[in-house]
file start10.cif (mmCIF, C-alpha atoms)
data_query
loop_
_atom_site.label_atom_id
_atom_site.label_comp_id
_atom_site.auth_asym_id
_atom_site.auth_seq_id
_atom_site.Cartn_x
_atom_site.Cartn_y
_atom_site.Cartn_z
CA ASN U 1 8.09 -13.42 -12.85
CA ALA U 2 7.74 -13.40 -9.06
CA GLY U 3 7.45 -9.61 -8.57
CA VAL U 4 8.29 -8.71 -4.97
CA THR U 5 9.21 -11.55 -2.61
CA GLN U 6 9.27 -11.14 1.16
CA THR U 7 10.56 -13.52 3.78
CA PRO U 8 9.56 -14.69 6.28
CA LYS U 9 5.75 -14.62 6.05
CA PHE U 10 5.26 -14.94 9.80
CA GLN U 11 7.52 -14.29 12.78
CA VAL U 12 7.14 -14.16 16.54
CA LEU U 13 9.83 -12.37 18.51
CA LYS U 14 10.43 -11.75 22.17
CA THR U 15 10.94 -8.18 23.29
CA GLY U 16 14.56 -7.20 22.75
CA GLN U 17 15.31 -9.77 20.07
CA SER U 18 16.54 -8.71 16.67
CA MET U 19 15.65 -9.86 13.20
CA THR U 20 15.92 -8.91 9.54
CA LEU U 21 13.06 -8.91 7.07
CA GLN U 22 14.16 -9.70 3.54
CA CYS U 23 12.76 -8.29 0.31
CA ALA U 24 13.75 -8.93 -3.29
CA GLN U 25 12.25 -7.73 -6.57
CA ASP U 26 12.89 -9.01 -10.06
CA MET U 27 11.36 -6.15 -12.08
CA ASN U 28 14.54 -4.08 -12.35
CA HIS U 29 12.89 -1.29 -10.36
CA ASN U 30 15.04 1.50 -9.03
CA SER U 31 12.96 2.37 -5.97
CA MET U 32 12.06 0.18 -3.03
CA TYR U 33 10.03 0.81 0.12
CA TRP U 34 9.15 -0.65 3.49
CA TYR U 35 5.70 0.01 4.95
CA ARG U 36 3.90 -1.13 8.04
CA GLN U 37 0.15 -1.69 8.22
CA ASP U 38 -1.70 -1.48 11.50
CA PRO U 39 -5.43 -1.95 12.15
CA GLY U 40 -7.45 1.19 11.45
CA MET U 41 -4.52 3.00 9.88
CA GLY U 42 -3.29 3.47 6.35
CA LEU U 43 0.05 2.04 5.32
CA ARG U 44 2.88 4.09 6.78
CA LEU U 45 6.29 4.44 5.18
CA ILE U 46 9.21 3.31 7.34
CA TYR U 47 12.16 3.72 4.97
CA TYR U 48 12.66 3.94 1.25
CA SER U 49 15.47 3.65 -1.24
CA ALA U 50 15.14 5.81 -4.32
CA SER U 51 18.00 4.03 -6.03
CA GLU U 52 20.77 1.55 -5.31
CA GLY U 53 23.11 2.94 -2.69
CA THR U 54 20.67 5.41 -1.17
CA THR U 55 18.21 5.13 1.70
CA ASP U 56 16.00 7.69 3.42
CA LYS U 57 13.68 7.84 6.39
CA GLY U 58 9.97 7.77 5.93
CA GLU U 59 7.19 8.64 8.32
CA VAL U 60 7.95 6.11 11.09
CA PRO U 61 11.64 5.14 11.01
CA ASN U 62 12.39 4.88 14.74
CA GLY U 63 13.50 1.41 15.82
CA TYR U 64 14.36 0.28 12.30
CA ASN U 65 17.35 0.20 10.00
CA VAL U 66 17.56 -0.71 6.33
CA SER U 67 20.12 -1.88 3.81
CA ARG U 68 19.88 -1.63 0.04
CA LEU U 69 22.16 -4.56 -0.66
CA ASN U 70 21.93 -4.21 -4.44
CA LYS U 71 19.32 -3.17 -6.97
CA ARG U 72 17.18 -6.25 -6.24
CA GLU U 73 17.30 -6.47 -2.45
CA PHE U 74 16.16 -4.17 0.35
CA SER U 75 16.19 -5.46 3.93
CA LEU U 76 14.60 -4.10 7.09
CA ARG U 77 16.22 -4.74 10.46
CA LEU U 78 14.76 -4.51 13.94
CA GLU U 79 17.68 -4.27 16.33
CA SER U 80 15.70 -4.59 19.58
CA ALA U 81 12.09 -5.52 18.94
CA ALA U 82 9.33 -3.87 20.97
CA PRO U 83 5.62 -4.80 21.25
CA SER U 84 4.79 -1.55 19.43
CA GLN U 85 6.45 -3.04 16.36
CA THR U 86 3.84 -5.77 16.14
CA SER U 87 2.45 -5.16 12.67
CA VAL U 88 2.25 -6.40 9.11
CA TYR U 89 5.22 -5.25 7.07
CA PHE U 90 5.10 -4.75 3.32
CA CYS U 91 7.92 -4.23 0.91
CA ALA U 92 7.17 -2.50 -2.38
CA SER U 93 9.04 -1.43 -5.47
CA SER U 94 8.47 0.98 -8.34
CA GLU U 95 10.24 2.38 -11.34
CA ALA U 96 11.91 5.65 -10.41
CA SER U 97 8.94 7.97 -10.77
CA GLY U 98 6.30 5.61 -9.42
CA THR U 99 4.01 6.76 -12.22
CA TYR U 100 2.91 3.24 -13.11
CA GLY U 101 2.22 2.25 -9.55
CA TYR U 102 3.87 0.28 -6.88
CA THR U 103 4.18 -3.51 -6.68
CA PHE U 104 3.78 -4.88 -3.18
CA GLY U 105 5.02 -8.09 -1.62
CA SER U 106 2.64 -10.38 0.23
CA GLY U 107 3.72 -9.12 3.64
CA THR U 108 5.37 -10.32 6.85
CA ARG U 109 3.18 -10.65 9.92
CA LEU U 110 5.36 -9.86 12.93
CA THR U 111 4.30 -10.34 16.54
CA VAL U 112 6.50 -9.10 19.38
CA VAL U 113 5.63 -10.54 22.78
CA LYS N 1 -2.44 18.40 6.36
CA ASN N 2 -2.38 15.73 3.66
CA GLN N 3 -5.14 13.24 4.37
CA VAL N 4 -7.09 10.54 2.57
CA GLU N 5 -10.43 9.50 3.99
CA GLN N 6 -12.50 6.57 2.78
CA SER N 7 -16.09 5.60 3.36
CA PRO N 8 -17.72 3.43 4.36
CA GLN N 9 -15.29 1.60 6.63
CA SER N 10 -17.00 -1.67 5.82
CA LEU N 11 -19.73 -2.86 3.51
CA ILE N 12 -21.64 -6.10 3.02
CA ILE N 13 -23.46 -6.74 -0.25
CA LEU N 14 -25.14 -9.65 -1.99
CA GLU N 15 -23.40 -11.38 -4.86
CA GLY N 16 -24.39 -9.83 -8.16
CA LYS N 17 -25.17 -6.40 -6.71
CA ASN N 18 -23.29 -3.19 -7.47
CA CYS N 19 -21.57 -0.97 -4.93
CA THR N 20 -19.67 2.30 -4.77
CA LEU N 21 -16.81 3.16 -2.46
CA GLN N 22 -15.81 6.75 -1.71
CA CYS N 23 -12.49 8.52 -1.24
CA ASN N 24 -12.00 12.16 -0.24
CA TYR N 25 -8.56 13.71 -0.07
CA THR N 26 -6.85 16.92 0.94
CA VAL N 27 -3.51 16.08 -0.64
CA SER N 28 -1.59 18.79 -2.44
CA PRO N 29 0.04 19.21 -4.91
CA PHE N 30 -1.88 16.36 -6.50
CA SER N 31 -0.12 13.96 -8.84
CA ASN N 32 -2.34 10.92 -9.22
CA LEU N 33 -4.86 8.74 -7.43
CA ARG N 34 -4.78 4.97 -7.30
CA TRP N 35 -7.17 2.33 -6.09
CA TYR N 36 -5.71 -0.89 -4.72
CA LYS N 37 -7.38 -4.18 -3.82
CA GLN N 38 -5.97 -6.04 -0.84
CA ASP N 39 -7.05 -9.61 -0.23
CA THR N 40 -6.75 -10.94 3.30
CA GLY N 41 -3.16 -11.90 4.03
CA ARG N 42 -1.87 -10.44 0.78
CA GLY N 43 -0.27 -7.21 -0.37
CA PRO N 44 -2.21 -4.49 -2.18
CA VAL N 45 -2.67 -4.93 -5.92
CA SER N 46 -3.24 -1.95 -8.20
CA LEU N 47 -6.66 -1.64 -9.86
CA THR N 48 -6.57 1.81 -11.45
CA ILE N 49 -4.44 4.93 -11.57
CA MET N 50 -5.73 8.36 -12.62
CA THR N 51 -3.94 11.62 -13.20
CA PHE N 52 -5.36 15.12 -12.82
CA SER N 53 -6.75 15.19 -16.35
CA GLU N 54 -8.56 11.85 -16.16
CA ASN N 55 -12.03 11.63 -14.66
CA THR N 56 -12.78 7.96 -15.22
CA LYS N 57 -10.83 4.74 -15.63
CA SER N 58 -12.10 1.19 -15.91
CA ASN N 59 -10.55 -2.18 -15.21
CA GLY N 60 -13.05 -4.90 -15.99
CA ARG N 61 -15.93 -4.61 -13.51
CA TYR N 62 -14.13 -1.86 -11.60
CA THR N 63 -14.67 1.76 -12.61
CA ALA N 64 -12.95 4.60 -10.82
CA THR N 65 -13.96 8.25 -11.11
CA LEU N 66 -12.06 11.35 -10.11
CA ASP N 67 -13.29 14.89 -9.49
CA ALA N 68 -10.14 16.91 -8.97
CA ASP N 69 -12.12 20.05 -8.22
CA THR N 70 -13.94 18.58 -5.23
CA LYS N 71 -11.04 16.21 -4.43
CA GLN N 72 -13.25 13.17 -4.49
CA SER N 73 -12.94 9.75 -6.08
CA SER N 74 -15.18 6.74 -6.20
CA LEU N 75 -14.71 3.10 -7.08
CA HIS N 76 -17.75 1.40 -8.56
CA ILE N 77 -17.92 -2.38 -8.64
CA THR N 78 -20.44 -3.90 -11.02
CA ALA N 79 -22.06 -7.31 -10.66
CA SER N 80 -20.07 -8.20 -7.59
CA GLN N 81 -18.53 -11.63 -7.14
CA LEU N 82 -17.46 -13.50 -4.04
CA SER N 83 -13.85 -12.91 -5.06
CA ASP N 84 -14.41 -9.17 -4.74
CA SER N 85 -14.37 -9.59 -0.95
CA ALA N 86 -11.31 -7.61 0.07
CA SER N 87 -10.15 -4.25 1.36
CA TYR N 88 -10.04 -1.43 -1.17
CA ILE N 89 -7.47 1.24 -0.52
CA CYS N 90 -7.37 4.73 -2.03
CA VAL N 91 -3.86 6.14 -2.43
CA VAL N 92 -3.06 9.69 -3.45
CA SER N 93 0.40 10.83 -4.46
CA VAL N 94 1.90 14.30 -4.52
CA LEU N 95 4.21 15.72 -7.11
CA THR N 96 7.27 16.15 -4.96
CA GLY N 97 9.51 13.80 -3.02
CA ALA N 98 9.96 10.06 -2.91
CA ASN N 99 7.88 9.82 0.28
CA ASN N 100 4.90 10.98 -1.69
CA LEU N 101 2.09 8.45 -1.17
CA PHE N 102 -0.82 9.01 1.20
CA PHE N 103 -2.92 5.97 2.02
CA GLY N 104 -6.52 5.77 3.09
CA THR N 105 -7.48 3.25 5.76
CA GLY N 106 -9.51 1.25 3.27
CA THR N 107 -13.04 -0.04 2.88
CA ARG N 108 -13.58 -3.65 3.85
CA LEU N 109 -16.02 -5.20 1.32
CA THR N 110 -17.70 -8.52 1.98
CA VAL N 111 -19.72 -10.15 -0.78
CA ILE N 112 -22.11 -12.82 0.43
CA PRO N 113 -23.92 -15.46 -1.63
#
call {"tool": "encode", "arguments": {"input": "start10.cif", "output": "structure tokens"}}
result
Amino acid sequence: NAGVTQTPKFQVLKTGQSMTLQCAQDMNHNSMYWYRQDPGMGLRLIYYSASEGTTDKGEVPNGYNVSRLNKREFSLRLESAAPSQTSVYFCASSEASGTYGYTFGSGTRLTVV
Amino acid sequence: KNQVEQSPQSLIILEGKNCTLQCNYTVSPFSNLRWYKQDTGRGPVSLTIMTFSENTKSNGRYTATLDADTKQSSLHITASQLSDSASYICVVSVLTGANNLFFGTGTRLTVIP
């Protein structure tokens, strides 16, 4: 049981390049989330998907797009990367209510130069 | 404004000693409070989750307390081990909405031999 799997683990991009961060969960969770973690700040929600077929903006959605491909997969796309998007990105999933907590992936460390 | 504040920012203790980490929050309406452990380069892993009616919850050497009246929580680590070196994040959730988690910035604990 792998939980939440993120790829890639590390990525360096040049300003203006695009890329997609992949996330898959095998716990049959309805809800999935993308967070970013920056030094000295708590995790901030970028986008979430409460259920298959739905996505909503979180606290910091600008510069990102998401796709809930199916119940298992939730991808995050940077169309034109900027240095301000240098961060560690975490995908998470939960059953619908989140009552029993969230399961996080191991993160993607992204550097935009 | 919904906020979660943790103290201290960092802490160094000797192996075998106990320590207590603090979390104060101004989140409303309160649903539950969770403590996560985040090892370097990894995603957060849930330690405990407490609802309004619970004032203590243990997970091995980790004991969390909650005072919903003063909006304070603590995480007590007993007989620390080198593997306890990590960041500990307090997360408070509200009752409404899918974007309902508020993260503290974490306490960085280092256990030295």
call {"tool": "residues_near_point", "arguments": {"input": "start10.cif", "point": "(3.7, -13.1, -8.0)", "cutoff": "10 Å", "atoms": "all atoms listed in the file", "output": "list in words"}}
result
Asn1, Ala2, Gly3, Val4, Thr5, Thr103, Phe104, Gly105 and Ser106 of chain U
call {"tool": "closest_residue", "arguments": {"input": "start10.cif", "among": "U:Met41, U:Val66, U:Cys91, U:Met32", "to": "chain N", "atoms": "only C-alpha atoms"}}
result
U:Met41
call {"tool": "closest_residue", "arguments": {"input": "start10.cif", "among": "N:Val45, N:Leu21, N:Leu33, N:Ile12", "to": "Leu101 (chain N)", "atoms": "all atoms listed in the file"}}
result
N:Leu33
call {"tool": "closest_residue", "arguments": {"input": "start10.cif", "among": "U:Thr55, U:Ser80, U:Asn70, U:Gln25", "to": "chain N", "atoms": "all atoms listed in the file"}}
result
U:Thr55
call {"tool": "resolve_selection", "arguments": {"input": "start10.cif", "expression": "the PyMOL selection byres ((chain U) within 8 of (chain N))", "output": "number ranges by chain"}}
result
U: 40-45, 48, 50, 58, 90, 100-107
call {"tool": "closest_residue", "arguments": {"input": "start10.cif", "among": "N:Ser58, N:Thr20, N:Ser28, N:Ser53", "to": "His76 (chain N)", "atoms": "only C-alpha atoms"}}
result
N:Thr20
call {"tool": "closest_residue", "arguments": {"input": "start10.cif", "among": "N:Ser80, N:Asn59, N:Asn24, N:Ser7", "to": "Val92 (chain N)", "atoms": "only C-alpha atoms"}}
result
N:Asn24
call {"tool": "atom_distance", "arguments": {"input": "start10.cif", "atom1": "CA of Thr111 (chain U)", "atom2": "CA of Gln11 (chain U)"}}
result
6.3 Å
call {"tool": "atom_distance", "arguments": {"input": "start10.cif", "atom1": "CA of Tyr62 (chain N)", "atom2": "CA of Ser85 (chain N)"}}
result
13.2 Å
call {"tool": "residues_around", "arguments": {"input": "start10.cif", "residues": "Asn55 (chain N)", "least_positions_apart": "3", "cutoff": "9 Å", "atoms": "all atoms listed in the file", "output": "NGL selection string"}}
result
:N and (50-52 or 64-68 or 73)
call {"tool": "atom_distance", "arguments": {"input": "start10.cif", "atom1": "CA of Thr20 (chain U)", "atom2": "CA of Ala86 (chain N)"}}
result
28.9 Å
call {"tool": "closest_residue", "arguments": {"input": "start10.cif", "among": "N:Ser83, N:Leu75, N:Val94, N:Lys57", "to": "Pro8 (chain N)", "atoms": "only C-alpha atoms"}}
result
N:Leu75
call {"tool": "residues_around", "arguments": {"input": "start10.cif", "residues": "Arg109 (chain U)", "least_positions_apart": "3", "cutoff": "9 Å", "atoms": "only C-alpha atoms", "output": "list of chain:residue names"}}
result
U:Pro8, U:Lys9, U:Phe10, U:Gln11, U:Val12, U:Thr86, U:Ser87, U:Val88, U:Tyr89, N:Gly41
